[in-house]
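K.L.:
Submitted below is the structure of interest, expressed as structure tokens.
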Amino acid sequence: MRICITRTAKKAYSETFIHDQITQFSKLADIYTIYRGIYPERKEDGSLLSPKPLWIMHKIVKVFVGRNNFFGNYGVKKYLQENKIDTVFANYGMSGSYMVPVCKTLNIPLIVIFHGYDATENKIIRKFRKKYHKLFDYASSIIAVSEEMKKKLIALDANPSKIKVIPYGVDISKFKPNNEIITQKKFLAVGRLTAKKAPLTTISAFSKVLKKFPDATLTIVGKKTGLFEKCEQLVQELKIKDSVIFTGALPHHEIAALMRSSLAFVQHSITAHNGDMEGTPLGILEASATGLPVVSTLHGGIKEAIIHNKTGYLIEENDEDSMAKYMIEICKNPIQAKEMGRNGRLHIEKNYNQPVQIKKIYDIILNNYQSNK
């Protein structure tokens, strides 16, 4: 079977799961990837799918009459034909919607996976609602990464019978729990400093923890973009700069090491003003796989990834006081925190084991391929 996979970027940390998805699929089928933005423009080697003159024409036409994918579709269509693609697997709804006309013309099955903002962000929904209707109609299967996302897709008129819920998974072999009781009050947050991760709320909650435990620390890992300046300003205003560490972006192995030495993982995910929501955050899954208790919110796929009072604590969105309360509880009871972490590891092994989750996706692709032969 020959599968063409679309993705938005080639090396982004946020696409770790997609990279692993491609790696595992490659052991089972012939894989061809195209990428660049929400509309695929390039092959895996970086070369353009369509000749450069056609992309120039595409951009000129776009300026005067709005987006028209005739010139871009030429290259995608040619690529699918030349490589005798059997199935297209689109990462993100926007990319999937742009693949519909080509797949329809060539009678190639299309399967799409929604990851988060593509199913929730207001601007995206307004722009793509009509295209999504065509996508939902043509797609053989639609994959959501959480039950919450499935509800969002149904609200957008996706056929419930087409939707399969398959959360992200993590490669548990890369995350080794630290079996020692952590007595140092080290909290860790990992992720982009965006509105939906509400880092300002996490910092404010942590400042309340410091009133009880002045020796506590909060390490925040993520690119110094987005809300970074506001976070830094808040830390200054709260006079807690000696207790909050901004590391910037870090390689995966360094994040794993930080998780092993931390007491707990914290992430105050919320629905942003623009509607942007989490799918199932990888950072939370990785923290649980490392054996960390997690303090987070009743949001998106987190509600399934974390079991309240068993693998961590879940609070309502924007409830800063409850977040601080549970962080303090973890500081008071490191033995209980370790037990929660162990429970979290078992939960990940059973329900979020990456090879198992990716194989579920592959099986959907395979079943669709066999039924269309």
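How things are named: the first chain in the structure tokens is A, the next is B, and so on; residues count from 1 in each chain; ligands count from 1 in the order shown.
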Report as an NGL selection string all protein, DNA and RNA residues lying within 10 Å of A:His273, evaluated on only C-alpha atoms, omitting residues in the same chain fewer than 2 positions from it.

P.N.:
:A and (121-122 or 195-196 or 270-271 or 275-277)

K.L.:
Hey, can you check how far atom CA of A:Gln233 sits from atom CA of A:Ala257?

P.N.:
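Spanning atom CA of A:Gln233 to atom CA of A:Ala257 is a straight-line distance of 27.8 Å.
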
K.L.:
From the list A:Leu153, A:Ala144, A:Val244, A:Leu298, which residue is nearest A:Leu188 when using only C-alpha atoms?

P.N.:
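So, comparing all the options, the nearest one is A:Val244.
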
K.L.:
Using only C-alpha atoms for the distances, tell me which of A:Tyr313, A:Phe175, A:Phe17, A:Tyr117 is nearest to A:Lys325.

P.N.:
A:Tyr313

K.L.:
Write out as a PyMOL selection string each polymer residue whose atoms come within 8 Å of A:Thr247, counting only C-alpha atoms; drop sequence neighbours fewer than 2 positions from it.

P.N.:
chain A and resi 219-222+245+249-250

K.L.:
Env of A:Tyr369: 7 Å cut, atoms = only C-alpha atoms, seq-sep filter 4 positions within chain, self excluded. Answer as JSON, numbers by chain.

P.N.:
{"A": [87, 365, 373]}

K.L.:
With only C-alpha atoms as the counted atoms, please give the residues lying no more than 9 Å from stretch 101-113 of chain A, apart from itself and same-chain residues fewer than 5 positions off, as an MDAnalysis selection string.

P.N.:
chainID A and resid 73:74 76:77 80:81 85:93 95:96 135 138:145 364:365 368:369 372

K.L.:
What's the 9 Å shell around A:Ile361, counting only C-alpha atoms, without same-chain residues fewer than 4 positions away, as a PyMOL selection string?

P.N.:
chain A and resi 21+143+166+356-357+365-366

K.L.:
Save the residues we just selected, N, CA and C atoms, as a short mmCIF file (atom, residue, chain, number, x, y, z; two decimals), in the first residue's frame?

P.N.:
data_model
loop_
_atom_site.label_atom_id
_atom_site.label_comp_id
_atom_site.auth_asym_id
_atom_site.auth_seq_id
_atom_site.Cartn_x
_atom_site.Cartn_y
_atom_site.Cartn_z
N GLN A 21 4.52 8.97 13.85
CA GLN A 21 3.47 8.33 13.04
C GLN A 21 4.06 7.91 11.68
N ILE A 143 -10.56 11.16 12.15
CA ILE A 143 -9.99 10.79 13.45
C ILE A 143 -9.91 12.02 14.34
N ILE A 166 -8.99 8.47 18.62
CA ILE A 166 -7.70 7.83 18.89
C ILE A 166 -6.77 8.91 19.46
N VAL A 356 0.83 1.37 19.92
CA VAL A 356 -0.55 0.85 19.87
C VAL A 356 -1.48 1.88 19.24
N GLN A 357 -1.33 3.16 19.65
CA GLN A 357 -2.21 4.21 19.14
C GLN A 357 -1.99 4.43 17.63
N ILE A 365 -6.63 3.07 8.12
CA ILE A 365 -6.19 3.32 6.74
C ILE A 365 -6.23 2.02 5.93
N LEU A 366 -5.71 0.95 6.53
CA LEU A 366 -5.66 -0.35 5.85
C LEU A 366 -7.05 -0.88 5.53
#

K.L.:
Set the distance at 10 Å and use only C-alpha atoms: which residues neighbour A:His308 once local chain neighbours fewer than 6 positions away are removed? I'd like the list as a list of chain:residue names.

P.N.:
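Using only C-alpha atoms, the neighbours found are A:Val294, A:Val295, A:Ser296, A:Thr297, A:Leu298, A:Leu314, A:Ile315, A:Met340.
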
K.L.:
Between A:Leu193, A:Leu282, A:Leu156, A:Ala289, single out the one closest to A:Lys174, counting only C-alpha atoms.

P.N.:
A:Ala289

K.L.:
DSSP on the backbone, helix (DSSP H, G or I) only: what residues of stretch 80-216 of chain A does that give? Format it as a compact mmCIF listing (two decimals) with C-alpha atoms, in the first residue's frame.

P.N.:
# COMPACT_ATOMS: atom_id res chain seq x y z
CA LEU A 80 -0.11 11.38 -6.42
CA GLN A 81 -0.39 9.95 -9.93
CA GLU A 82 3.36 9.46 -10.46
CA GLY A 93 -8.52 19.49 8.95
CA MET A 94 -7.42 22.47 6.83
CA SER A 95 -4.92 20.37 4.90
CA GLY A 96 -7.51 17.62 4.51
CA SER A 97 -10.04 20.07 3.08
CA TYR A 98 -7.55 21.23 0.43
CA MET A 99 -6.85 17.63 -0.58
CA VAL A 100 -10.52 16.84 -1.30
CA PRO A 101 -10.69 18.11 -4.93
CA VAL A 102 -7.54 16.24 -5.99
CA CYS A 103 -8.50 13.02 -4.20
CA LYS A 104 -11.99 13.23 -5.66
CA THR A 105 -10.65 13.71 -9.20
CA LEU A 106 -8.30 10.74 -8.86
CA TYR A 117 -7.11 24.19 16.93
CA ASP A 118 -8.23 22.99 13.49
CA ALA A 119 -11.50 21.87 15.09
CA THR A 120 -12.00 24.73 17.56
CA ASN A 122 -13.08 30.54 15.60
CA LYS A 123 -11.11 32.06 12.72
CA ILE A 124 -10.36 28.63 11.27
CA ILE A 125 -13.97 27.48 11.59
CA ARG A 126 -15.31 30.63 9.89
CA LYS A 127 -12.84 30.26 7.02
CA PHE A 128 -13.15 26.52 6.51
CA ARG A 129 -16.73 25.67 7.48
CA LYS A 130 -17.87 25.11 3.86
CA LYS A 131 -14.67 23.27 2.98
CA TYR A 132 -15.09 21.12 6.10
CA HIS A 133 -18.57 20.10 4.94
CA LYS A 134 -17.05 18.82 1.68
CA LEU A 135 -14.27 17.13 3.65
CA PHE A 136 -16.73 15.42 6.00
CA ASP A 137 -18.74 14.25 3.01
CA TYR A 138 -15.78 12.82 1.06
CA GLU A 147 -13.91 12.68 22.99
CA GLU A 148 -14.26 16.44 23.42
CA MET A 149 -12.98 16.96 19.89
CA LYS A 150 -15.43 14.39 18.55
CA LYS A 151 -18.25 16.49 20.00
CA LYS A 152 -16.82 19.60 18.31
CA LEU A 153 -16.67 17.83 14.94
CA ILE A 154 -20.23 16.56 15.27
CA ALA A 155 -21.32 20.14 16.03
CA PRO A 160 -20.68 10.57 13.89
CA SER A 161 -20.37 7.14 12.28
CA LYS A 162 -17.23 8.27 10.44
CA ILE A 172 7.07 4.97 26.91
CA SER A 173 10.57 3.55 26.35
CA LYS A 174 11.87 7.14 26.17
CA ALA A 195 -3.24 31.69 25.47
CA LYS A 196 -4.70 28.18 25.56
CA LYS A 197 -1.95 27.00 27.92
CA PRO A 199 1.01 30.30 31.57
CA LEU A 200 0.09 33.52 33.39
CA THR A 201 -2.45 31.60 35.48
CA THR A 202 0.12 28.91 36.25
CA ILE A 203 2.59 31.56 37.43
CA SER A 204 -0.04 33.30 39.57
CA ALA A 205 -1.04 29.99 41.18
CA PHE A 206 2.61 29.17 41.82
CA SER A 207 3.13 32.51 43.58
CA LYS A 208 0.54 31.35 46.15
CA VAL A 209 2.45 28.10 46.63
CA LEU A 210 5.55 30.14 47.49
CA LYS A 211 3.74 31.71 50.45
CA LYS A 212 3.52 28.23 52.01

K.L.:
What does the structure give for the distance between atom CA of A:Ile255 and atom CA of A:Ser269, in Å to one decimal?

P.N.:
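So the two atoms, atom CA of A:Ile255 and atom CA of A:Ser269, lie 19.3 Å apart.
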
K.L.:
Given the choices A:Lys164, A:Arg345, A:Arg192, A:Lys223, which gets closest to A:Lys360 if the distance is worked out from only C-alpha atoms?

P.N.:
A:Lys164

K.L.:
When you count only C-alpha atoms, which of these residues is closest to A:Ala216: A:Lys185, A:Lys27, A:His253, A:Arg2?

P.N.:
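Under the stated criterion, the closest residue is A:Lys185.
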
K.L.:
In Å, with one decimal, what is the gap from atom CA of A:Pro281 to atom CA of A:Phe114?

P.N.:
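Those two atoms sit 13.2 Å apart.
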